[in-house]
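Heads up, model20.txt below (compact mmCIF, C-alpha atoms):
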# COMPACT_ATOMS: atom_id res chain seq x y z
CA MET A 26 -19.21 88.08 -3.71
CA LYS A 27 -21.65 85.87 -1.79
CA ILE A 28 -21.46 83.30 1.01
CA ALA A 29 -22.22 80.01 -0.69
CA ARG A 30 -21.67 77.46 2.08
CA LEU A 31 -21.67 77.26 5.88
CA GLU A 32 -20.45 74.12 7.67
CA THR A 33 -19.88 73.09 11.28
CA PHE A 34 -17.63 70.35 12.63
CA LEU A 35 -17.76 68.68 16.05
CA VAL A 36 -14.04 68.19 16.59
CA PRO A 37 -12.63 66.33 19.61
CA PRO A 38 -11.91 66.84 22.40
CA ARG A 39 -14.82 69.32 22.76
CA TRP A 40 -14.61 71.91 20.00
CA LEU A 41 -16.99 73.18 17.33
CA PHE A 42 -15.31 74.57 14.20
CA VAL A 43 -17.12 76.72 11.64
CA ARG A 44 -16.23 76.99 7.95
CA ILE A 45 -17.64 79.51 5.50
CA GLU A 46 -17.03 79.42 1.77
CA ALA A 47 -17.68 82.17 -0.74
CA ASP A 48 -18.93 81.57 -4.25
CA ASN A 49 -15.38 81.96 -5.60
CA GLY A 50 -14.14 79.08 -3.40
CA SER A 51 -12.36 81.22 -0.77
CA VAL A 52 -12.85 80.09 2.85
CA GLY A 53 -12.69 81.27 6.43
CA TRP A 54 -12.62 79.35 9.71
CA GLY A 55 -13.95 80.16 13.18
CA GLU A 56 -14.69 78.40 16.45
CA ALA A 57 -18.08 78.30 18.18
CA SER A 58 -17.13 75.88 20.96
CA LEU A 59 -19.57 75.96 23.89
CA GLU A 60 -18.36 73.33 26.30
CA GLY A 61 -21.00 70.67 26.87
CA HIS A 62 -23.58 72.30 24.57
CA ALA A 63 -22.04 71.99 21.12
CA GLU A 64 -25.09 70.26 19.68
CA ALA A 65 -27.30 73.19 20.68
CA VAL A 66 -24.96 75.62 18.95
CA MET A 67 -25.03 73.47 15.82
CA GLY A 68 -28.81 73.75 15.92
CA ALA A 69 -28.57 77.53 16.01
CA PHE A 70 -26.52 77.45 12.83
CA ALA A 71 -29.51 76.02 10.95
CA ALA A 72 -31.29 79.34 11.42
CA ILE A 73 -28.12 81.38 10.84
CA ALA A 74 -27.56 79.69 7.50
CA ASP A 75 -30.96 80.93 6.31
CA ARG A 76 -29.77 84.49 7.01
CA VAL A 77 -26.21 84.40 5.71
CA ILE A 78 -26.20 82.15 2.66
CA GLY A 79 -26.16 84.66 -0.20
CA ALA A 80 -24.89 87.53 1.95
CA ASP A 81 -21.73 89.47 1.11
CA PRO A 82 -18.97 88.11 3.43
CA ARG A 83 -17.23 91.47 3.39
CA ALA A 84 -20.13 93.05 5.31
CA ILE A 85 -19.11 91.67 8.71
CA GLU A 86 -20.85 94.28 10.86
CA ASP A 87 -24.09 94.11 8.92
CA ILE A 88 -24.12 90.31 9.21
CA TRP A 89 -23.41 90.60 12.94
CA GLN A 90 -26.35 92.98 13.39
CA VAL A 91 -28.68 90.79 11.33
CA ILE A 92 -27.87 87.66 13.32
CA TYR A 93 -28.00 89.43 16.70
CA ARG A 94 -31.04 91.64 16.13
CA GLY A 95 -32.86 90.03 13.23
CA GLY A 96 -34.18 87.00 15.09
CA PHE A 97 -36.05 88.96 17.82
CA TYR A 98 -34.68 86.80 20.68
CA ARG A 99 -31.18 87.88 21.60
CA GLY A 100 -28.18 86.95 23.67
CA GLY A 101 -27.43 83.91 25.77
CA ALA A 102 -24.74 81.29 25.58
CA VAL A 103 -26.02 79.32 22.58
CA LEU A 104 -26.95 82.12 20.19
CA MET A 105 -23.91 84.24 21.04
CA SER A 106 -21.53 81.29 20.67
CA ALA A 107 -22.92 80.57 17.23
CA LEU A 108 -22.59 84.23 16.31
CA ALA A 109 -19.06 84.23 17.71
CA GLY A 110 -17.95 81.35 15.52
CA LEU A 111 -19.51 82.93 12.46
CA ASP A 112 -17.91 86.30 13.21
CA GLN A 113 -14.47 84.72 13.61
CA ALA A 114 -14.89 82.90 10.30
CA LEU A 115 -15.88 86.14 8.58
CA TRP A 116 -12.79 87.96 9.89
CA ASP A 117 -10.66 84.99 8.86
CA TRP A 118 -12.21 85.01 5.39
CA LYS A 119 -11.83 88.77 4.97
CA GLY A 120 -8.22 88.73 6.10
CA ARG A 121 -7.41 85.95 3.65
CA HIS A 122 -9.31 87.79 0.92
CA HIS A 123 -7.16 90.91 1.44
CA GLY A 124 -3.95 89.15 2.53
CA LEU A 125 -3.99 90.82 5.97
CA PRO A 126 -4.22 89.63 9.58
CA ALA A 127 -7.51 90.63 11.16
CA HIS A 128 -5.83 93.06 13.55
CA GLU A 129 -4.49 95.10 10.62
CA MET A 130 -8.10 95.72 9.60
CA MET A 131 -8.95 96.75 13.19
CA GLY A 132 -6.41 99.54 13.54
CA GLY A 133 -3.11 97.69 13.57
CA ARG A 134 -0.91 96.26 16.30
CA VAL A 135 -0.37 97.74 19.75
CA ARG A 136 2.01 94.92 20.84
CA GLU A 137 4.26 92.24 19.43
CA ARG A 138 3.37 89.47 21.90
CA VAL A 139 1.15 88.78 24.89
CA ARG A 140 1.95 86.99 28.13
CA ALA A 141 0.33 83.56 28.28
CA TYR A 142 -0.66 81.33 31.16
CA ALA A 143 -1.38 77.61 31.32
CA TRP A 144 -3.50 75.39 33.54
CA ILE A 145 -2.24 73.04 36.24
CA GLY A 146 -3.92 70.75 38.75
CA GLY A 147 -7.06 69.50 37.03
CA ASP A 148 -10.67 69.79 38.16
CA ARG A 149 -9.82 68.78 41.71
CA PRO A 150 -6.40 70.38 42.11
CA ALA A 151 -3.48 68.11 42.99
CA ASP A 152 0.23 67.54 42.24
CA ILE A 153 0.79 71.27 42.01
CA ALA A 154 4.54 71.52 42.53
CA GLU A 155 5.28 68.91 39.86
CA ALA A 156 2.85 70.49 37.40
CA ALA A 157 4.21 73.99 38.02
CA ALA A 158 7.76 72.78 37.44
CA ALA A 159 6.67 71.22 34.14
CA ARG A 160 5.09 74.50 33.02
CA ARG A 161 8.24 76.37 34.01
CA ALA A 162 10.21 73.98 31.80
CA GLN A 163 7.90 74.95 28.93
CA GLY A 164 8.80 78.59 29.49
CA PHE A 165 5.65 79.73 31.28
CA THR A 166 5.91 82.19 34.15
CA ALA A 167 2.20 82.22 35.05
CA VAL A 168 -0.28 79.44 35.79
CA LYS A 169 -3.89 79.13 36.83
CA MET A 170 -5.54 76.39 38.85
CA ASN A 171 -8.87 75.69 40.42
CA ALA A 172 -8.97 77.04 43.95
CA THR A 173 -10.95 74.12 45.37
CA ALA A 174 -12.93 71.05 44.50
CA ASP A 175 -16.63 71.22 45.36
CA VAL A 176 -17.45 73.20 48.50
CA ALA A 177 -20.70 73.14 50.46
CA TRP A 178 -22.88 76.25 50.58
CA LEU A 179 -21.90 76.68 54.23
CA GLU A 180 -19.35 74.72 56.23
CA ALA A 181 -16.49 75.28 58.62
CA PRO A 182 -13.65 76.56 56.40
CA ARG A 183 -10.78 74.16 55.70
CA PHE A 184 -8.74 76.17 53.29
CA ALA A 185 -5.19 75.53 54.50
CA GLU A 186 -4.62 73.18 51.57
CA VAL A 187 -5.51 76.00 49.14
CA VAL A 188 -2.76 78.17 50.58
CA ALA A 189 -0.32 75.26 50.46
CA ARG A 190 -1.02 74.68 46.76
CA VAL A 191 -0.49 78.33 45.93
CA GLU A 192 2.76 78.41 47.83
CA ALA A 193 3.94 75.23 46.09
CA ALA A 194 3.43 76.81 42.67
CA GLN A 195 5.03 80.07 43.74
CA ALA A 196 8.03 78.13 45.02
CA GLU A 197 8.56 76.99 41.42
CA GLY A 198 8.79 80.62 40.33
CA MET A 199 5.23 80.93 39.06
CA ASP A 200 2.82 83.81 39.28
CA VAL A 201 -0.47 82.20 40.26
CA ALA A 202 -4.13 82.89 39.51
CA LEU A 203 -6.89 81.00 41.32
CA ASP A 204 -10.17 80.11 39.66
CA PHE A 205 -13.02 79.84 42.15
CA HIS A 206 -15.04 78.60 39.11
CA GLY A 207 -18.27 79.77 40.70
CA ARG A 208 -18.04 76.74 43.00
CA LEU A 209 -18.25 78.74 46.21
CA HIS A 210 -21.35 80.47 47.44
CA ARG A 211 -21.01 83.81 49.15
CA PRO A 212 -20.42 82.66 52.78
CA MET A 213 -17.41 80.57 51.75
CA ALA A 214 -16.14 82.87 48.98
CA LYS A 215 -15.83 85.75 51.45
CA GLN A 216 -13.69 83.69 53.79
CA LEU A 217 -11.41 82.32 51.09
CA ALA A 218 -10.92 85.70 49.39
CA ARG A 219 -9.80 87.23 52.68
CA LEU A 220 -7.50 84.31 53.49
CA LEU A 221 -5.74 84.59 50.13
CA GLU A 222 -5.07 88.31 50.51
CA PRO A 223 -1.41 88.02 51.64
CA LEU A 224 -0.36 85.58 48.90
CA GLY A 225 0.10 88.07 46.06
CA LEU A 226 -2.06 86.33 43.47
CA LEU A 227 -2.40 87.54 39.91
CA PHE A 228 -6.17 87.40 40.36
CA ILE A 229 -9.05 85.39 41.73
CA GLU A 230 -11.55 84.35 39.08
CA GLU A 231 -15.31 83.98 39.39
CA PRO A 232 -15.39 84.27 43.19
CA LEU A 233 -19.14 84.26 42.69
CA LEU A 234 -21.31 83.15 39.81
CA SER A 235 -22.08 85.86 37.27
CA GLU A 236 -25.76 85.79 38.23
CA HIS A 237 -24.72 86.97 41.71
CA ALA A 238 -22.64 89.86 40.41
CA SER A 239 -24.53 92.34 42.58
CA ALA A 240 -22.69 90.82 45.58
CA LEU A 241 -19.22 91.23 44.04
CA PRO A 242 -18.62 94.58 45.80
CA GLN A 243 -18.80 92.67 49.10
CA ILE A 244 -15.96 90.41 47.94
CA ALA A 245 -13.98 93.33 46.57
CA ALA A 246 -14.23 95.09 49.93
CA LEU A 247 -12.49 92.16 51.62
CA THR A 248 -9.39 91.97 49.44
CA SER A 249 -7.01 93.94 47.28
CA THR A 250 -6.40 90.88 45.11
CA PRO A 251 -7.61 91.65 41.57
CA ILE A 252 -10.98 90.09 40.77
CA ALA A 253 -11.62 88.59 37.35
CA LEU A 254 -14.93 87.53 35.82
CA GLY A 255 -16.69 87.23 32.50
CA GLU A 256 -16.56 83.84 30.78
CA ARG A 257 -20.32 83.47 31.35
CA LEU A 258 -21.21 86.91 30.00
CA TYR A 259 -22.06 87.19 26.32
CA SER A 260 -22.28 90.80 25.16
CA ARG A 261 -21.35 94.40 25.95
CA TRP A 262 -24.75 94.73 27.57
CA ASP A 263 -23.95 91.88 29.96
CA PHE A 264 -20.59 93.42 30.85
CA ARG A 265 -21.85 96.97 31.35
CA PRO A 266 -23.34 96.57 34.87
CA ILE A 267 -20.25 94.60 35.97
CA LEU A 268 -18.01 97.45 34.88
CA GLU A 269 -20.29 100.04 36.41
CA SER A 270 -20.12 98.26 39.78
CA GLY A 271 -16.39 98.93 40.06
CA ALA A 272 -15.92 95.50 41.69
CA VAL A 273 -14.00 93.78 38.88
CA ASP A 274 -10.42 94.54 37.84
CA ILE A 275 -10.09 92.11 34.93
CA ILE A 276 -12.79 90.98 32.53
CA GLN A 277 -12.59 87.65 30.71
CA PRO A 278 -14.79 87.61 27.65
CA ASP A 279 -14.60 84.38 25.67
CA LEU A 280 -14.23 85.09 21.97
CA SER A 281 -16.14 81.90 21.17
CA HIS A 282 -19.03 82.78 23.50
CA ALA A 283 -19.32 86.58 23.50
CA GLY A 284 -20.13 87.43 19.90
CA GLY A 285 -16.69 86.86 18.39
CA LEU A 286 -13.88 89.22 17.58
CA SER A 287 -16.23 92.08 16.66
CA GLU A 288 -18.11 92.12 19.95
CA CYS A 289 -15.10 91.41 22.15
CA ARG A 290 -13.22 94.33 20.61
CA ARG A 291 -16.16 96.51 21.63
CA ILE A 292 -16.22 94.95 25.11
CA ALA A 293 -12.50 95.64 25.51
CA ALA A 294 -12.97 99.27 24.51
CA LEU A 295 -15.81 99.61 27.02
CA ALA A 296 -13.60 98.12 29.74
CA GLU A 297 -10.79 100.53 28.88
CA ALA A 298 -13.11 103.40 29.74
CA TYR A 299 -13.39 101.94 33.27
CA ASP A 300 -9.63 101.26 33.64
CA VAL A 301 -10.33 97.53 33.59
CA ALA A 302 -7.95 95.02 32.01
CA VAL A 303 -8.87 92.17 29.66
CA ALA A 304 -7.62 88.57 29.94
CA PRO A 305 -9.70 86.56 27.44
CA HIS A 306 -11.06 83.22 28.54
CA CYS A 307 -9.82 80.47 26.20
CA PRO A 308 -9.57 76.85 27.40
CA LEU A 309 -10.61 75.97 23.86
CA GLY A 310 -9.16 75.18 20.44
CA PRO A 311 -6.70 76.80 18.04
CA LEU A 312 -9.15 79.01 16.17
CA ALA A 313 -10.48 80.48 19.41
CA LEU A 314 -6.93 81.21 20.51
CA GLY A 315 -6.09 82.73 17.13
CA ALA A 316 -9.05 85.09 17.51
CA CYS A 317 -7.87 86.01 21.01
CA LEU A 318 -4.45 86.91 19.67
CA GLN A 319 -6.01 89.18 17.07
CA LEU A 320 -7.77 90.96 19.95
CA ALA A 321 -4.53 91.14 21.94
CA ALA A 322 -2.87 92.72 18.93
CA SER A 323 -5.44 95.50 18.64
CA ALA A 324 -6.74 96.17 22.19
CA PRO A 325 -4.33 98.04 24.51
CA ASN A 326 -5.85 96.76 27.76
CA VAL A 327 -5.33 93.03 27.07
CA VAL A 328 -2.86 91.86 29.75
CA LEU A 329 -2.86 88.04 29.74
CA GLN A 330 -3.95 85.20 27.50
CA GLU A 331 -5.20 81.82 28.67
CA MET A 332 -4.30 78.86 26.47
CA SER A 333 -5.31 75.21 26.57
CA LEU A 334 -1.98 73.57 25.72
CA GLY A 335 -1.91 70.39 27.84
CA ILE A 336 -5.08 71.29 29.74
CA HIS A 337 -6.81 68.41 31.51
CA TYR A 338 -9.81 68.62 29.15
CA ASN A 339 -7.72 67.87 26.05
CA GLU A 340 -7.85 64.10 26.25
CA GLY A 341 -6.64 62.46 23.06
CA HIS A 342 -6.35 65.71 21.10
CA ASP A 343 -4.35 68.76 22.13
CA LEU A 344 -4.37 72.41 21.10
CA LEU A 345 -2.00 72.23 18.13
CA GLU A 346 -3.22 69.01 16.52
CA PHE A 347 -5.30 70.56 13.73
CA CYS A 348 -2.83 73.33 12.85
CA THR A 349 -0.64 72.93 9.78
CA ASP A 350 1.93 75.24 11.42
CA PRO A 351 1.94 74.63 15.20
CA SER A 352 4.70 77.19 15.75
CA VAL A 353 2.16 80.00 15.34
CA LEU A 354 0.54 79.02 18.68
CA THR A 355 3.66 77.83 20.48
CA PRO A 356 4.64 79.99 23.47
CA VAL A 357 8.10 81.54 23.52
CA ASP A 358 9.52 82.61 26.89
CA GLY A 359 6.06 82.53 28.42
CA HIS A 360 4.53 84.69 25.68
CA LEU A 361 2.50 84.09 22.54
CA PRO A 362 3.68 86.04 19.49
CA ILE A 363 1.00 87.88 17.55
CA PRO A 364 0.32 85.87 14.37
CA THR A 365 1.25 87.70 11.19
CA GLY A 366 -0.58 85.44 8.74
CA PRO A 367 -3.85 86.47 7.08
CA GLY A 368 -7.18 86.37 8.88
CA LEU A 369 -6.89 84.75 12.29
CA GLY A 370 -3.35 83.74 11.38
CA ILE A 371 -4.08 80.04 11.95
CA ALA A 372 -3.87 77.55 9.08
CA ILE A 373 -6.22 74.61 9.66
CA ASP A 374 -5.64 71.11 8.30
CA GLU A 375 -9.06 70.64 6.73
CA ASP A 376 -8.56 66.98 5.94
CA ARG A 377 -7.78 66.21 9.58
CA VAL A 378 -10.78 68.24 10.75
CA ARG A 379 -13.15 66.38 8.45
CA ALA A 380 -11.71 63.03 9.46
CA ALA A 381 -11.99 63.82 13.19
CA ALA A 382 -15.52 65.19 12.83
CA ALA A 383 -16.61 61.91 11.25
CA SER A 384 -16.68 60.64 14.86
CA PRO A 385 -18.18 63.68 16.60
CA HIS A 386 -17.56 64.21 20.29
CA ARG A 387 -20.25 64.29 22.97
CA TRP A 388 -18.29 66.07 25.69
CA ARG A 389 -20.06 66.75 28.99
CA ASN A 390 -18.73 68.20 32.18
CA PRO A 391 -19.07 65.98 35.26
CA VAL A 392 -22.01 66.31 37.63
CA TRP A 393 -20.84 66.56 41.22
CA ARG A 394 -22.89 66.02 44.37
CA HIS A 395 -22.35 66.93 47.99
CA PRO A 396 -22.34 64.21 50.67
CA ASP A 397 -26.02 64.92 51.35
CA GLY A 398 -26.88 64.16 47.72
CA SER A 399 -27.55 67.73 46.60
CA LEU A 400 -26.05 69.09 43.41
CA ALA A 401 -22.65 70.79 43.73
CA GLU A 402 -21.36 73.56 41.50
CA TRP A 403 -18.79 72.20 39.05

Could you express the structure from this file as structure tokens?
Amino acid sequence: MKIARLETFLVPPRWLFVRIEADNGSVGWGEASLEGHAEAVMGAFAAIADRVIGADPRAIEDIWQVIYRGGFYRGGAVLMSALAGLDQALWDWKGRHHGLPAHEMMGGRVRERVRAYAWIGGDRPADIAEAAAARRAQGFTAVKMNATADVAWLEAPRFAEVVARVEAAQAEGMDVALDFHGRLHRPMAKQLARLLEPLGLLFIEEPLLSEHASALPQIAALTSTPIALGERLYSRWDFRPILESGAVDIIQPDLSHAGGLSECRRIAALAEAYDVAVAPHCPLGPLALGACLQLAASAPNVVLQEMSLGIHYNEGHDLLEFCTDPSVLTPVDGHLPIPTGPGLGIAIDEDRVRAAAASPHRWRNPVWRHPDGSLAEW
């Protein structure tokens, strides 16, 4: 058995799908979406193809090691996202080859379903009560929103509106998580973290950028609110010092950025040794979410799952559009059932993917500037 073909598809609104095909015609799908940098990831696949065409698709770990270690330069968002999409596709292929969901090949299920949360409020949060009520009507009991729009490096704090938005969502019966999104630098993040302490949040996310992780213990000392971080970390080696610091309560590896299902299962096991929970980052497409659910099925410390249904990024194309059976990724009573189908458990409409990819997206995040003209963190 050999890998005969490797294809990538730029699928709107901002996704990158990966398809592998073995020499007997069997296929597997994965997702290597790296928001705003999909073209760079596609470029990485040119080198990956030289390594994997002709390889045995059953040898997932060996292929992972070859792609990670065999090119000398390692890690980073682009290379690890490409590896992630390939790894997902290999698990999908192998599961379909054996007629098993990926989690059955990783030790079996530890749960039947996982609690899901949805986004409200957009990039610059607004209309929170109405949006929270709509999510409640969909069956969700947890939501996440951006904490703020852009915030200067240092200014007099004006955070009363943040508290008001949280309280508006809570009044609709929602548990609330706030994503700082790395938008706040340390002087402002410290003040907001302390102010939010009495509100009973699920967590605050990325109170500081990952490159400033050494300062996270300062934030943790100001609040008992759980701190979450990890969408911009790409391997177990990136997560290790974060876990060793003791400042993070929830890690958020992205299964399309951090080396795929193989690596994120290892990251989850490492976090378990530090009594740290896992809530995978996934504002992405259906294959990424399917991979996350395979992790949730097999990792005992997964506690929440982000999903992109109706997220503000999904303009023109939503989460379920390319699935032949949307019910597999449809939340029930605020939870996502663990898929029982083979591989990632997600059946992709290949004809629709190919048709959509004929007009590839060029998604870019906005560039924001402060009133003085300097660049703001988005």

Q.
Calculated over only C-alpha atoms, which of the candidates A:Ile45, A:Ala296, A:Met67, A:Cys289 has the smallest distance to A:Asp274?
A.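 The shortest atom-to-atom distance to A:Asp274 comes from A:Ala296.
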
Q | Nearest to A:Gly68, chosen from A:Ala196, A:Val168, A:Val191, A:Leu41, with all atoms listed in the file counted in the distances | A | A:Leu41

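With distances restricted to all atoms listed in the file, A:Arg257 is the closest residue to A:Ala102 from A:Arg136, A:Arg219, A:His342, A:Arg257.
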
Q: Tell me, as a VMD selection string, which residues lie within 8 Å of A:Ala316, counting all atoms listed in the file; anything in the same chain fewer than 6 positions away does not count.
A: chain A and resid 113 280 285 to 286 369

Q.
If I take atom CA of A:Ser51 and atom CA of A:Ala84, how far is one from the other in Å, to one decimal?
A. 15.4 Å

Q: May I ask for the distance between atom CA of A:Asp343 and atom CA of A:Thr33, given in Å to one decimal place?
A: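 So the two atoms, atom CA of A:Asp343 and atom CA of A:Thr33, lie 19.4 Å apart.
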
Around all the atoms of stretch 79-83 of chain A listed in the file, with 8 Å of room on each side, what axis-aligned box do you get, giving centre and edge lengths in Å to one decimal, as JSON?
{"center_x": -21.7, "center_y": 88.1, "center_z": 1.6, "size_x": 24.9, "size_y": 22.8, "size_z": 19.6}

Q: Identify the residues around (-17.8, 82.9, -9.2) within a radius of 12 Å, measuring from all atoms listed in the file in the coordinates stated by the file, and give them as a PyMOL selection string.
A: chain A and resi 26-29+46-51

Q | A:Glu288 environment, 9 Å, all atoms listed in the file, sequence neighbours closer than 6 positions dropped, as number ranges by chain | A | A: 89, 109, 112, 259-261, 280

Q) So how many Å separate atom CA of A:Leu221 and atom CA of A:Cys307, to one decimal? A)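 Between these atoms lies a distance of 24.6 Å.
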
Q) Taking into account only C-alpha atoms, which residue in the set A:Leu329, A:Ala154, A:Ala381, A:Ala185 is nearest to A:His360? A) A:Leu329

Q: Return the single residue from A:Ala202, A:Leu309, A:Leu258, A:Leu209 that is closest to A:Leu227, with distances computed using only C-alpha atoms.
A: A:Ala202

(Q) Quick one: residues within 12 Å of A:Gly310, all atoms listed in the file, excluding same-chain residues fewer than 2 positions away - as an MDAnalysis selection string? (A) chainID A and resid 35:43 55:60 110 279:281 306:308 312:317 331:336 338:339 342:348 354 371 373

Q.
Which residues are near stretch 115-117 of chain A? Cut-off 7 Å, all atoms listed in the file, ignore same chain within fewer than 5 positions. Put them as a ChimeraX atom specification.
A. /A:53-54,82,85,127,368-369
